[in-house]
Amino acid sequence: MIKKIFYRINIPVLILICSIFIVNAQTPLYLDSSLSTEERVEDLMSHMTLKEKVYQMNQFVGLDHMRQAEKNLTEEELHFNDAQGFYKGIFSNDVAEMTRRGEIGSFLHVLTPEESNLLQDLASQSRLKIPLLIGIDAIHGNALVSGTTVYPSPITLASTWSDNFLEIIGKQTAKEMRATGSHWTFTPNIDVLRDPRWGRVGETFGEDHLLVGNLGAAMIRGFQQDDFTGTEKVIACAKHMIAGGESINGLNAAPMDVSMRTLKEVHLKPYKKAINEGVYSIMAAHNELNGIPCHMSSWLMTDLFRNKWGFNGFFVSDWMDIERIETLHHVAGSLKEASFLSVNAGMDMHMHGPKFPEAIVALVEEGTLPLERVNEACKKILTAKFKLGLFENRKINLDEIPKKIFTPEHQKIALETARRGAVLLKNDGILPLPKSKSVKRILVTGPNANNQTILGDWHAVQPDENVTTIFEGIKNIGTDKGYEVDFFDSGENIRKIKDTDIEIATQKASNVDYVIVVVGDNSMRYRWKDKTAGENMGRAALDLPGKQLKLVKALKATGTPVVVVLVNGRPISEPWLEDNIPAILEAWEPGSLGGRAVAEILFGNINPSGKLPLTVARDVGQLRMIYNYKPSAYFHKYAFEKITPLYPFGFGLSYTTFKYSTPQLSESVLNPNSTVSVSVQVSNTGNYDGEEVVQMYIRDLVSSATRPVKELKEYKRIFIKKGESKTVSFKINKETLAFYDINMNYCVEPGDFTIMIGSSSDKKDLKVTTLSVNTKMNVDE
């Protein structure tokens, strides 16, 4: 009787115990958030088939992007148009089903939070429920998503010469990305600009590797915030590996033929900084490098970046560039062979499209590609997903989005960087425009005066209420200053400005006190046929495109004072403007609140302080023109052109004036393990408080291999009240002076070094002293 009672009592207990064991057996360890990332990755991979691992390397464009292509293209175009993200024989519904089956590991061009949630829902129905990693080109804010903060373009940010701003923008962009469903930004672009004909100048930080490297590293810090663990951080992507800014003809994806010395001295240095900063992804370049497509360069991906420099993230291809190893570069006979060449060299993820997974699976199964290569790639991608918290937080709360995007805090930084990124190129005293005691009239005109060209490339159409155009900014502030401000649309399409509109603008200009004409370039990708700059829109000239100069000349001929505001993503070479227009403001692409920033500068509310991160040539025929040229570059002269630039690297005017003292060294000789301090006094001798960017350059006077006439080594942005002085100091050690000698050893050779400090790279703006080195010093690369 006792045994029967005991048996009856314990049957339910036994059932409960068994059910617990069954549930535990069915719930894999990788779904346990209390475990370490390493443990979760290891467990998940133990459950995965070869195909499932390869699928994690597989990226597609978003469904809405495909549906737009399906809507806008003919059936014939759909079968041959990879630029629209369409895949022959595969439609958006097919891609949705592939996602449900777990056959896609990542997406890009997912531009709405609703689609992000939809895709994650589909992925959650797959066997292993692995979330998607969603990437987006958040180049200067998450601007491809409507309603977000559009910060000034990278070339504008570079003109601030302020690392701190880039880190803050990285953090704020990461917050807006995560709020709208993205986790991976395809930026910073740390290509070093060497040819301003290139359409992607606006995506870069300019022509100097130190500035590019510092600003890129700062942005990576902001995006990733150490190891990117959490729900308000994203992984950054340094791109494009490598030398994309030095094509043989200024066109995107054209070949690069660059010496090993130039690679090491210029193009590779920003990548070393990015890797040291912990960047978790690197994108290969469209182009070939010295005969080898970058997408199959084992020297770059494996030998140098992974094995020597310790890169521990993953490599991603650019837009269908693994295919182009076969179809464009012709060094492979099939996609399968191209896939082998790329993945075997170190590539981890394919952007984007079908047939890549099938090729990789076949290569592994036949023993051509090591399984370990797939395991390595899969492990790194899964590590990102776990650290980003996607297994627990794959979807976003749509109701929370308005609290996290275009916030007052983010708008403040967008405005401050637009203010500090604008560069005053010329001012004969007309600026700032005075407060008017009697009513005066201003005419604002030009193709970029009253639209969203100020947002640059890589933005979607933003709500009008979120964007202050230049006309709107001038009208808002000008009205408070006692002006009547009118606008005339002289033609927004730069390619199609009409003579009749120029005539009307001229008539209106004759009846006002000032004309502000806003000219430049158009980088808006959603108006592709109107574009004159931006991705895949190189030019063979550097002047104002279309009839813009004719417009400015006609306005000037009226006798009314004319101020030119430039809105552009790459430098404009128009010496006529410098010779004839009293004031020129380079606004670049100043972002959401750019119109307000420009107006504040024009009316004197803000004292301009931006400095050029590139050299502006007088003419395309001067190219290549950079500040850090070699000593023999101008041994001879041009027949009909000067050898000097229109505006030098580091140049930018202020409404006040700054005076520099002669630099003082703490020691006259640098020893192997010592650091020398160099100090200079900067005095504000004008009538306005202002900010100045103090720049330090060096020159090795005698070296075993030729060196540039000057090299930027440090910079500081300082604020000085009128009548005050501040002392600025820089540190110099052996790393500051090191270079690759005649045998490509990284070292400092004995001899004298000129130390130059001033307001730009121009010789007349620099004060000098001399530092000596008495013994050779080897330096770690």
# chains A, B, ... in the order shown; residues from 1 in each chain; ligands from 1

call {"tool": "residues_around", "arguments": {"residues": "segment 180-194 of chain A", "least_positions_apart": "5", "cutoff": "6 Å", "atoms": "only C-alpha atoms", "output": "list in words"}}
result
Pro113, Ser116, Ile134, Gly135, Ile136, Asp137, Ala138, Ile139, Thr204, Gly206, Glu207, Val212, Gly216, Val234, Ile235, Ala236, Cys237, Ala238, Lys239, Gly245 and Glu246 of chain A

call {"tool": "closest_residue", "arguments": {"among": "A:Val201, A:Ile732, A:Leu542, A:Ile601", "to": "Ala617 of chain A", "atoms": "only C-alpha atoms"}}
result
A:Leu542

call {"tool": "closest_residue", "arguments": {"among": "A:Gly62, A:Gly538, A:Gly313, A:Pro545", "to": "His352 of chain A", "atoms": "only C-alpha atoms"}}
result
A:Gly62

call {"tool": "residues_around", "arguments": {"residues": "Ala509 of chain A", "least_positions_apart": "3", "cutoff": "10 Å", "atoms": "only C-alpha atoms", "output": "list in words"}}
result
Arg441, Ile442, Leu443, Val444, Thr445, Phe488, Glu503, Ile504, Ala505, Thr506, Val512, Asp513, Tyr514, Val515, Ile516, Ala554, Leu555, Lys556, Ala557, Thr558, Gly559, Thr560, Pro561 and Val562 of chain A

call {"tool": "residues_around", "arguments": {"residues": "Ile757 of chain A", "least_positions_apart": "4", "cutoff": "8 Å", "atoms": "only C-alpha atoms", "output": "ChimeraX atom specification"}}
result
/A:663,680,694-697,766-768

call {"tool": "residues_around", "arguments": {"residues": "Leu335 of chain A", "least_positions_apart": "6", "cutoff": "10 Å", "atoms": "only C-alpha atoms", "output": "ChimeraX atom specification"}}
result
/A:322-327,341,355-356,359-360

call {"tool": "residues_around", "arguments": {"residues": "His350 of chain A", "least_positions_apart": "3", "cutoff": "8 Å", "atoms": "only C-alpha atoms", "output": "PyMOL selection string"}}
result
chain A and resi 57-59+316-318+320+322+347+353+356

call {"tool": "atom_distance", "arguments": {"atom1": "atom CA of Ile572 of chain A", "atom2": "atom CA of Glu586 of chain A"}}
result
9.4 Å

call {"tool": "select_by_dssp", "arguments": {"residues": "segment 278-371 of chain A", "states": "strand (DSSP E or B)", "output": "list of chain:residue names"}}
result
A:Ser281, A:Ile282, A:Met283, A:Ala284, A:Glu288, A:Leu289, A:Ile292, A:Pro293, A:Phe314, A:Phe315, A:Val316, A:Met349, A:His350, A:Met351

call {"tool": "write_last_selection", "arguments": {"atoms": "all heavy atoms", "output": "compact mmCIF listing (two decimals), in the first residue's frame"}}
result
# COMPACT_ATOMS: atom_id res chain seq x y z
N SER A 281 34.95 45.66 -39.41
CA SER A 281 34.79 45.21 -40.80
C SER A 281 35.56 46.14 -41.73
O SER A 281 35.75 47.33 -41.43
CB SER A 281 33.31 45.15 -41.21
OG SER A 281 32.75 46.43 -41.32
N ILE A 282 36.02 45.57 -42.83
CA ILE A 282 36.75 46.32 -43.85
C ILE A 282 36.18 45.91 -45.20
O ILE A 282 36.00 44.72 -45.47
CB ILE A 282 38.26 46.03 -43.79
CG1 ILE A 282 38.85 46.57 -42.48
CG2 ILE A 282 38.98 46.66 -44.99
CD1 ILE A 282 40.33 46.24 -42.28
N MET A 283 35.91 46.89 -46.04
CA MET A 283 35.37 46.63 -47.37
C MET A 283 36.47 46.76 -48.42
O MET A 283 37.24 47.73 -48.41
CB MET A 283 34.24 47.62 -47.69
CG MET A 283 33.54 47.36 -49.02
SD MET A 283 32.27 48.62 -49.40
CE MET A 283 31.10 48.31 -48.07
N ALA A 284 36.52 45.78 -49.31
CA ALA A 284 37.49 45.83 -50.39
C ALA A 284 37.07 46.85 -51.44
O ALA A 284 35.91 47.27 -51.49
CB ALA A 284 37.65 44.45 -51.02
N GLU A 288 41.38 47.34 -59.20
CA GLU A 288 42.57 46.50 -59.12
C GLU A 288 43.72 47.33 -58.56
O GLU A 288 43.73 48.55 -58.66
CB GLU A 288 42.97 45.97 -60.49
CG GLU A 288 43.37 47.07 -61.47
CD GLU A 288 43.91 46.52 -62.78
OE1 GLU A 288 43.12 46.05 -63.61
OE2 GLU A 288 45.14 46.60 -62.97
N LEU A 289 44.66 46.68 -57.94
CA LEU A 289 45.84 47.34 -57.41
C LEU A 289 47.08 46.68 -58.02
O LEU A 289 47.36 45.51 -57.74
CB LEU A 289 45.88 47.25 -55.88
CG LEU A 289 47.14 47.79 -55.20
CD1 LEU A 289 47.23 49.31 -55.39
CD2 LEU A 289 47.15 47.44 -53.72
N ILE A 292 46.26 43.36 -59.62
CA ILE A 292 45.52 42.36 -58.85
C ILE A 292 44.24 42.98 -58.33
O ILE A 292 44.27 43.96 -57.58
CB ILE A 292 46.36 41.84 -57.64
CG1 ILE A 292 47.73 41.37 -58.09
CG2 ILE A 292 45.59 40.74 -56.91
CD1 ILE A 292 47.71 40.23 -59.09
N PRO A 293 43.06 42.43 -58.71
CA PRO A 293 41.81 42.95 -58.13
C PRO A 293 41.87 42.90 -56.61
O PRO A 293 42.26 41.89 -56.01
CB PRO A 293 40.75 42.00 -58.69
CG PRO A 293 41.33 41.50 -59.97
CD PRO A 293 42.81 41.37 -59.70
N PHE A 314 35.84 41.09 -39.91
CA PHE A 314 35.60 40.39 -41.17
C PHE A 314 35.68 41.34 -42.36
O PHE A 314 35.43 42.54 -42.24
CB PHE A 314 34.26 39.64 -41.15
CG PHE A 314 33.03 40.51 -41.07
CD1 PHE A 314 32.39 40.96 -42.22
CD2 PHE A 314 32.48 40.84 -39.83
CE1 PHE A 314 31.25 41.74 -42.15
CE2 PHE A 314 31.33 41.62 -39.75
CZ PHE A 314 30.72 42.07 -40.92
N PHE A 315 36.03 40.78 -43.52
CA PHE A 315 36.07 41.51 -44.77
C PHE A 315 34.76 41.32 -45.51
O PHE A 315 34.19 40.23 -45.53
CB PHE A 315 37.22 41.02 -45.66
CG PHE A 315 38.59 41.32 -45.13
CD1 PHE A 315 39.36 40.34 -44.50
CD2 PHE A 315 39.13 42.59 -45.25
CE1 PHE A 315 40.62 40.61 -44.02
CE2 PHE A 315 40.40 42.89 -44.76
CZ PHE A 315 41.14 41.90 -44.15
N VAL A 316 34.31 42.40 -46.16
CA VAL A 316 33.10 42.32 -46.98
C VAL A 316 33.43 42.85 -48.37
O VAL A 316 34.21 43.79 -48.52
CB VAL A 316 31.93 43.13 -46.35
CG1 VAL A 316 32.28 44.60 -46.22
CG2 VAL A 316 30.65 42.95 -47.15
N MET A 349 32.42 37.98 -46.49
CA MET A 349 31.01 38.17 -46.83
C MET A 349 30.89 38.72 -48.24
O MET A 349 31.66 39.57 -48.65
CB MET A 349 30.31 39.12 -45.86
CG MET A 349 28.80 39.25 -46.13
SD MET A 349 27.95 40.41 -45.05
CE MET A 349 27.94 39.50 -43.50
N HIS A 350 29.88 38.22 -48.94
CA HIS A 350 29.63 38.59 -50.33
C HIS A 350 28.51 39.61 -50.42
O HIS A 350 27.39 39.34 -50.02
CB HIS A 350 29.25 37.34 -51.12
CG HIS A 350 28.81 37.62 -52.53
ND1 HIS A 350 27.53 37.37 -52.97
CD2 HIS A 350 29.48 38.12 -53.59
CE1 HIS A 350 27.44 37.70 -54.25
NE2 HIS A 350 28.60 38.16 -54.65
N MET A 351 28.80 40.80 -50.92
CA MET A 351 27.79 41.82 -51.21
C MET A 351 27.64 41.88 -52.72
O MET A 351 28.49 42.43 -53.39
CB MET A 351 28.23 43.18 -50.69
CG MET A 351 27.27 44.32 -51.01
SD MET A 351 27.99 45.99 -50.95
CE MET A 351 28.26 46.19 -49.20

call {"tool": "atom_distance", "arguments": {"atom1": "atom CA of Arg261 of chain A", "atom2": "atom CA of Lys731 of chain A"}}
result
26.0 Å

call {"tool": "closest_residue", "arguments": {"among": "A:Tyr30, A:Trp319, A:Tyr55, A:Tyr87", "to": "Asn375 of chain A", "atoms": "only C-alpha atoms"}}
result
A:Tyr55
